[in-house]
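Beneath this line is the structure, given in structure tokens, with notes to follow.
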Amino acid sequence: MRTKTAVFIHLGTVMLTTETTPTKAEILLGNVAIARGLVEAGCHVAASYPGTPSSEILPGVVRFNKEENLSIYTEWSTNEKVAFETALAASWCGKRAAVAMKMVGLNVAADPLMSAAYTGVVGGLLIIVADDPGPHSSQTEQDTRMFAHFAKVPCLDPADPEEARRMVKIGFELSEEFRIPVILRPAIRVCHAKQPIEFLPIEKHDRPANFEKETSRWAATPKFRLILHHELNDKLERIREKFEKYKDLNPTFNDGAESDLGIVASGVPCANALDILENWGIRIPVLKIDTPFPLPEKKVSDFIGRFKKVLILEETDYTIEMQITDKSRITGRMDGFVPSAGELVPEVIESLLAKFLKKPTKQDKELNAALDEVGIPVRRPTLCSGCPHRASFYAIKRAFPKAIFPSDIGCYTLGTNLGAVDTCVDMGGAITMAHGLAVAHAQDNIKQPVIATIGDSTFYHAGTAPLLNSVYNDARYVLLILDNEITAMTGFQPTPGIGILADGSMGRKIPLEDVIRGCGVEYLKIINPYEVKDMIKEVKSAVKYTRQEDGGVAVIIARFPCVLRNPEVVRSNPVRVEITDDCNGCMLCVDRFECPSLIRDDEAKLVHIDRKTCIDCGVCMVSCYRGAIVPEPKG
């Protein structure tokens, strides 16, 4: 390592002056640090589907690819399975390839992952899966380290952005040495932390694509898959042996400290635990596990054998703990000492360490009292002011208050607040749930309206197969595609509908309506959701069509750009409104329309408009049955 003698920070750029030469550095988001690691390690192909907390990785690769004048191929794939298989195929050609996704995205890519573990790779294949303990923006808290164990794929678990960047290179080298995919699992606190990252030289791996045919491996039948499974098991044992001796992984901190107690920890919980112990001035040995699978079992066993009791700190599941054969000296999640759900934030780890060390602690009563005194109201998440989805949800709820409303993953999940989302399972689940709900009621001749909602990006991701299934099997429901012309929730990534590629250049635009008609849908309407009254009529017509003998699935595209990304669509034709004296304070507009720019005044028992957030869309006028929200007089 170079000896750093000074750090200068100016506008996010850091110059690290060393004993030899000054090197460029920058304070980077964890995901961007991972991107830098990919570029420095000579990655040739990078594919991804956006999903918090992983979304910034691919744009980071695009940035450094342009800055360094490289020729890395990058793409926003239509879903995680497509992204995974794209990277896998590139790896079979000898290229270094990476695929990035969030942990529930790995569910979508699980099929090729399981096969890739057996077939192996040629060029290094790094699978970057961002976990979301909490969860903060996900359906589950699933632990990718467990998935690695299940799929029999090595896993690296970084504790901070710099470690994540460093593990990229280790992952590629490990992948190529053993011809096996490798998972890099940064959790959300790594992905969204910031840290000074020193820019290292970029490795050059000039590898012309060369796919060598090997049918018994790349197209293995069950007989050969059994052989490949034995080969995989042998690889894992050799990787485990390597992890036992790998000098740059699985370090022990405070190794010389005298103590009857020890700690085995991984990832962010390990970093938090070390910080807390340092702040307390307490030195006890901590074994940091960088390789939760395959676990260096002898190293862990030897460490545990030195102490009377050892605390296991890991999130979100007990991946390390379950691999420890002798559990007589350990405590953790499996015996209930560590909570079995929820993120291990510093406050939780502090309380666990205090309990483990029998150290008295006191709650910060002053801080809690100050927060209570401020009295900041807690607001639930809601759609942005002027969001076209709000108008769509309001319309379908007005048209059919007693309909069943299956929905999907995206901004529009917040339609739950408006009473227009009844189910949310997974990507594309809105359509399959609508299908199941429709056929179940049809079986009993019950005319139950089913109105599903799904976003444009989500439809491209996982909507075509279930829609084909519904048309083929003659299910009867309304599908409302909320087309805001972008992937809004995860950071405004492009969709095939607008045709922009990952690097900002133009690809081939694939209109939604062409895809929908290609699925065999005969009833297709496109409408501006801001025209709420027209939309209510259209929804009623669509439900009527589903009930006709020659009807079928009815699809409506509610198309209006995301106003957060493209406010000019409203600013060019603003509709400034005011609330008249006809307002009687019923709060229906606040409760049922739920625009954050409509403010409840409990003292005056009236509603007023927050001019700082209102974007002058004028859609809220439909929400007042008394007609008290009207256009403001011009001038």
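For the structure tokens, the naming scheme is as follows: chains receive sequential letters (A, B, ...) according to their order of presentation, residues are indexed from 1 within each chain, and ligands are indexed from 1 in presentation order.
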I need the residues in stretch 98-171 of chain A that are strand (DSSP E or B) according to DSSP; give them as an NGL selection string. :A and (98-102 or 125-131 or 155-156)
Report as a ChimeraX atom specification all protein, DNA and RNA residues lying within 9 Å of A:Glu162, evaluated on only C-alpha atoms, omitting residues in the same chain fewer than 6 positions from it. /A:30,33-34,195-198
Would you pick out the contacts of stretch 430-437 of chain A at 7 Å or less, using only C-alpha atoms, so that residues sharing its chain but fewer than 2 positions from it are not included, and give the list as a list in words? Pro406, Ser407, Asp408, Cys424, Gly428, Val439, Ala440, His441, Val450, Ala452, Thr453, Ile454, Gly463, Pro466, Leu467, Ser470, Ala475 and Tyr477 of chain A
Please write the residues from the selection above to a file, keeping N, CA and C atoms, as a CSV table (one decimal), in the first residue's frame.
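out17.csv, freshly written:
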chain,number,residue,atom,x,y,z
A,406,PRO,N,-55.5,-5.1,-8.5
A,406,PRO,CA,-54.1,-5.7,-8.4
A,406,PRO,C,-53.1,-4.7,-9.0
A,407,SER,N,-51.9,-4.5,-8.4
A,407,SER,CA,-50.9,-3.6,-9.0
A,407,SER,C,-49.5,-4.2,-8.9
A,408,ASP,N,-48.5,-3.4,-9.0
A,408,ASP,CA,-47.2,-3.9,-9.3
A,408,ASP,C,-46.1,-3.1,-8.5
A,424,CYS,N,-50.0,-6.5,-4.3
A,424,CYS,CA,-48.7,-6.2,-4.9
A,424,CYS,C,-47.7,-7.3,-4.5
A,428,GLY,N,-44.5,-7.7,-12.6
A,428,GLY,CA,-45.4,-8.4,-13.6
A,428,GLY,C,-46.6,-9.1,-12.9
A,439,VAL,N,-60.4,-15.2,-13.6
A,439,VAL,CA,-60.9,-16.5,-13.9
A,439,VAL,C,-61.6,-17.1,-12.7
A,440,ALA,N,-61.2,-16.8,-11.5
A,440,ALA,CA,-61.8,-17.3,-10.2
A,440,ALA,C,-63.3,-16.8,-10.1
A,441,HIS,N,-63.5,-15.5,-10.4
A,441,HIS,CA,-64.8,-15.0,-10.3
A,441,HIS,C,-65.7,-15.5,-11.5
A,450,VAL,N,-62.2,-6.3,-12.4
A,450,VAL,CA,-60.8,-6.3,-12.0
A,450,VAL,C,-60.1,-5.4,-12.9
A,452,ALA,N,-56.3,-3.8,-13.3
A,452,ALA,CA,-54.9,-4.0,-12.9
A,452,ALA,C,-54.1,-2.7,-13.3
A,453,THR,N,-53.1,-2.3,-12.6
A,453,THR,CA,-52.2,-1.2,-12.9
A,453,THR,C,-50.8,-1.7,-12.9
A,454,ILE,N,-50.1,-1.3,-13.9
A,454,ILE,CA,-48.6,-1.6,-14.0
A,454,ILE,C,-47.9,-0.5,-14.8
A,463,GLY,N,-44.2,-8.0,-18.2
A,463,GLY,CA,-45.6,-8.0,-18.5
A,463,GLY,C,-46.1,-8.7,-19.8
A,466,PRO,N,-47.3,-12.7,-19.1
A,466,PRO,CA,-48.7,-12.9,-18.5
A,466,PRO,C,-49.8,-12.3,-19.4
A,467,LEU,N,-49.5,-11.2,-20.1
A,467,LEU,CA,-50.6,-10.7,-21.0
A,467,LEU,C,-50.9,-11.7,-22.1
A,470,SER,N,-53.1,-14.3,-20.7
A,470,SER,CA,-54.5,-13.9,-20.5
A,470,SER,C,-55.3,-13.9,-21.8
A,475,ALA,N,-59.0,-14.5,-20.5
A,475,ALA,CA,-59.4,-13.9,-19.2
A,475,ALA,C,-60.0,-12.5,-19.5
A,477,TYR,N,-60.4,-8.8,-17.9
A,477,TYR,CA,-60.1,-7.8,-17.0
A,477,TYR,C,-59.6,-6.6,-17.7
Identify all residues of stretch 249-440 of chain A in alpha helix (DSSP H) (DSSP on the backbone) and supply them as a count of residues only. 72
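Each of A:Leu277, A:Ile330, A:Ile486, A:Ala100 was checked against A:Lys359 using only C-alpha atoms; the smallest atom-to-atom distance is that of A:Leu277.
Atom CA of A:Thr52 is found 28.0 Å from atom CA of A:Lys612.
Compared by their closest atoms to A:Ile527, and using only C-alpha atoms, the residues A:Ser392, A:Ser54, A:Thr221, A:Thr458 rank with A:Ser392 nearest.
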Contact table stretch 169-195 of chain A vs stretch 264-273 of chain A, cut-off 10 Å, shortest pair per residue, only C-alpha atoms, as JSON lines:
{"residue": "A:Arg185", "atom": "CA", "partner": "A:Gly267", "partner_atom": "CA", "distance": 9.0}
{"residue": "A:Pro186", "atom": "CA", "partner": "A:Gly267", "partner_atom": "CA", "distance": 7.9}
{"residue": "A:Ala187", "atom": "CA", "partner": "A:Val268", "partner_atom": "CA", "distance": 7.5}
{"residue": "A:Ile188", "atom": "CA", "partner": "A:Val268", "partner_atom": "CA", "distance": 9.1}
{"residue": "A:Arg189", "atom": "CA", "partner": "A:Val268", "partner_atom": "CA", "distance": 6.9}
{"residue": "A:Val190", "atom": "CA", "partner": "A:Val268", "partner_atom": "CA", "distance": 7.2}
Near-stretch 204-215 of chain A list (7 Å; only C-alpha atoms; drop same-chain fewer than 2 positions) as a count of residues only: 10
Could you list, as a short mmCIF file (atom, residue, chain, number, x, y, z; two decimals) with N, CA and C atoms, in the first residue's frame, every residue within 12 Å of A:Lys327, counting only C-alpha atoms and ignoring same-chain residues fewer than 3 positions away?
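Now in around30.cif:
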data_model
loop_
_atom_site.label_atom_id
_atom_site.label_comp_id
_atom_site.auth_asym_id
_atom_site.auth_seq_id
_atom_site.Cartn_x
_atom_site.Cartn_y
_atom_site.Cartn_z
N VAL A 300 -12.66 -20.04 11.22
CA VAL A 300 -13.73 -19.65 12.14
C VAL A 300 -13.72 -20.52 13.39
N SER A 301 -13.56 -21.82 13.18
CA SER A 301 -13.57 -22.76 14.31
C SER A 301 -12.40 -22.49 15.26
N ILE A 304 -13.20 -19.30 17.29
CA ILE A 304 -14.21 -19.53 18.32
C ILE A 304 -13.64 -20.33 19.48
N GLY A 305 -12.75 -21.27 19.17
CA GLY A 305 -12.17 -22.12 20.22
C GLY A 305 -11.34 -21.37 21.23
N LYS A 308 -14.71 -18.14 25.55
CA LYS A 308 -15.84 -18.77 26.24
C LYS A 308 -17.14 -18.54 25.50
N LYS A 309 -17.26 -17.35 24.90
CA LYS A 309 -18.49 -17.02 24.18
C LYS A 309 -18.15 -16.12 23.00
N VAL A 310 -18.83 -16.35 21.87
CA VAL A 310 -18.60 -15.56 20.66
C VAL A 310 -19.94 -15.08 20.12
N LEU A 311 -20.02 -13.79 19.83
CA LEU A 311 -21.23 -13.19 19.26
C LEU A 311 -21.10 -13.17 17.74
N ILE A 312 -22.15 -13.63 17.04
CA ILE A 312 -22.17 -13.61 15.59
C ILE A 312 -23.05 -12.44 15.14
N ILE A 320 -23.69 -17.25 8.11
CA ILE A 320 -22.43 -17.69 8.74
C ILE A 320 -22.73 -18.64 9.88
N GLU A 321 -23.67 -18.27 10.71
CA GLU A 321 -23.97 -19.04 11.92
C GLU A 321 -24.37 -20.48 11.60
N MET A 322 -25.16 -20.67 10.54
CA MET A 322 -25.64 -22.02 10.24
C MET A 322 -24.52 -22.92 9.73
N GLN A 323 -23.43 -22.33 9.23
CA GLN A 323 -22.31 -23.14 8.73
C GLN A 323 -21.33 -23.53 9.82
N ILE A 324 -21.52 -23.02 11.03
CA ILE A 324 -20.65 -23.35 12.15
C ILE A 324 -21.16 -24.64 12.79
N ILE A 330 -21.38 -20.14 20.73
CA ILE A 330 -21.79 -18.96 19.97
C ILE A 330 -23.21 -18.53 20.34
N THR A 331 -23.45 -17.25 20.08
CA THR A 331 -24.80 -16.71 20.25
C THR A 331 -25.05 -15.76 19.07
N GLY A 332 -26.26 -15.69 18.63
CA GLY A 332 -26.57 -14.85 17.47
C GLY A 332 -28.04 -14.86 17.13
N ARG A 333 -28.34 -15.01 15.86
CA ARG A 333 -29.74 -15.00 15.42
C ARG A 333 -30.46 -16.30 15.77
N MET A 334 -29.75 -17.42 15.68
CA MET A 334 -30.41 -18.72 15.81
C MET A 334 -30.92 -18.97 17.22
N ASP A 335 -30.31 -18.36 18.22
CA ASP A 335 -30.81 -18.54 19.59
C ASP A 335 -31.61 -17.32 20.06
#
Choose the residue, out of A:Gly123, A:Gly37, A:Pro292, A:Pro161, that has the smallest atom-to-atom separation from A:Thr319; count only C-alpha atoms. A:Pro292
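Atom to atom, atom CA of A:Val425 and atom CA of A:Gly386 stand 26.5 Å apart.
Neighbours of stretch 163-171 of chain A closer than or equal to 8 Å, with only C-alpha atoms counted and sequence neighbours fewer than 2 positions away skipped, come out as Gly30, Ala33, Ile34, Ala35, Arg36, Gly37, Leu38, Ala41, Gly124, Leu126, Leu156, Asp157, Pro158, Ala159, Asp160, Pro161, Glu173, Leu174, Ser175, Val182, Ile183, Leu184, Pro186 and Val190 of chain A.
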I need the residues from that last selection saved to file as an mmCIF file, in the first residue's frame (with C-alpha atoms), if you can.
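After the write, out12.cif holds the following:
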data_model
loop_
_atom_site.group_PDB
_atom_site.id
_atom_site.type_symbol
_atom_site.label_atom_id
_atom_site.label_comp_id
_atom_site.auth_asym_id
_atom_site.auth_seq_id
_atom_site.Cartn_x
_atom_site.Cartn_y
_atom_site.Cartn_z
ATOM 1 C CA GLY A 30 -20.573 3.105 -3.030
ATOM 2 C CA ALA A 33 -16.992 2.946 -6.434
ATOM 3 C CA ILE A 34 -18.094 -0.519 -7.566
ATOM 4 C CA ALA A 35 -18.391 0.832 -11.110
ATOM 5 C CA ARG A 36 -14.870 2.203 -10.848
ATOM 6 C CA GLY A 37 -13.692 -1.211 -9.700
ATOM 7 C CA LEU A 38 -15.305 -2.832 -12.736
ATOM 8 C CA ALA A 41 -10.470 -4.605 -13.444
ATOM 9 C CA GLY A 124 -14.664 -13.744 -15.176
ATOM 10 C CA LEU A 126 -19.212 -11.035 -11.447
ATOM 11 C CA LEU A 156 -17.923 -11.705 -1.178
ATOM 12 C CA ASP A 157 -19.397 -9.371 1.458
ATOM 13 C CA PRO A 158 -17.886 -5.838 1.594
ATOM 14 C CA ALA A 159 -18.244 -3.477 4.550
ATOM 15 C CA ASP A 160 -17.635 -0.127 2.804
ATOM 16 C CA PRO A 161 -17.298 1.357 -0.703
ATOM 17 C CA GLU A 173 -9.699 -13.241 -10.474
ATOM 18 C CA LEU A 174 -11.463 -15.870 -8.364
ATOM 19 C CA SER A 175 -14.018 -16.415 -11.126
ATOM 20 C CA VAL A 182 -18.841 -15.022 -8.190
ATOM 21 C CA ILE A 183 -21.367 -12.912 -6.275
ATOM 22 C CA LEU A 184 -20.423 -9.521 -4.836
ATOM 23 C CA PRO A 186 -23.003 -4.947 -1.153
ATOM 24 C CA VAL A 190 -22.372 0.151 1.237
#
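Relative to atom CA of A:Lys24, atom CA of A:Cys43 is found at 20.6 Å.
Minimum distance to A:Ile615 across A:Cys384, A:Ala628, A:Leu479, A:Met587 (counting only C-alpha atoms) occurs at A:Cys384.
Using only C-alpha atoms, the nearest neighbour of A:Ser597 within the list A:Val478, A:Leu226, A:Ala442, A:Val619 is A:Val619.
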Please determine, counting only C-alpha atoms, which residue among A:Arg96, A:Glu549, A:Ile500, A:Tyr118 has the shortest atom-to-atom distance to A:Leu232. A:Tyr118
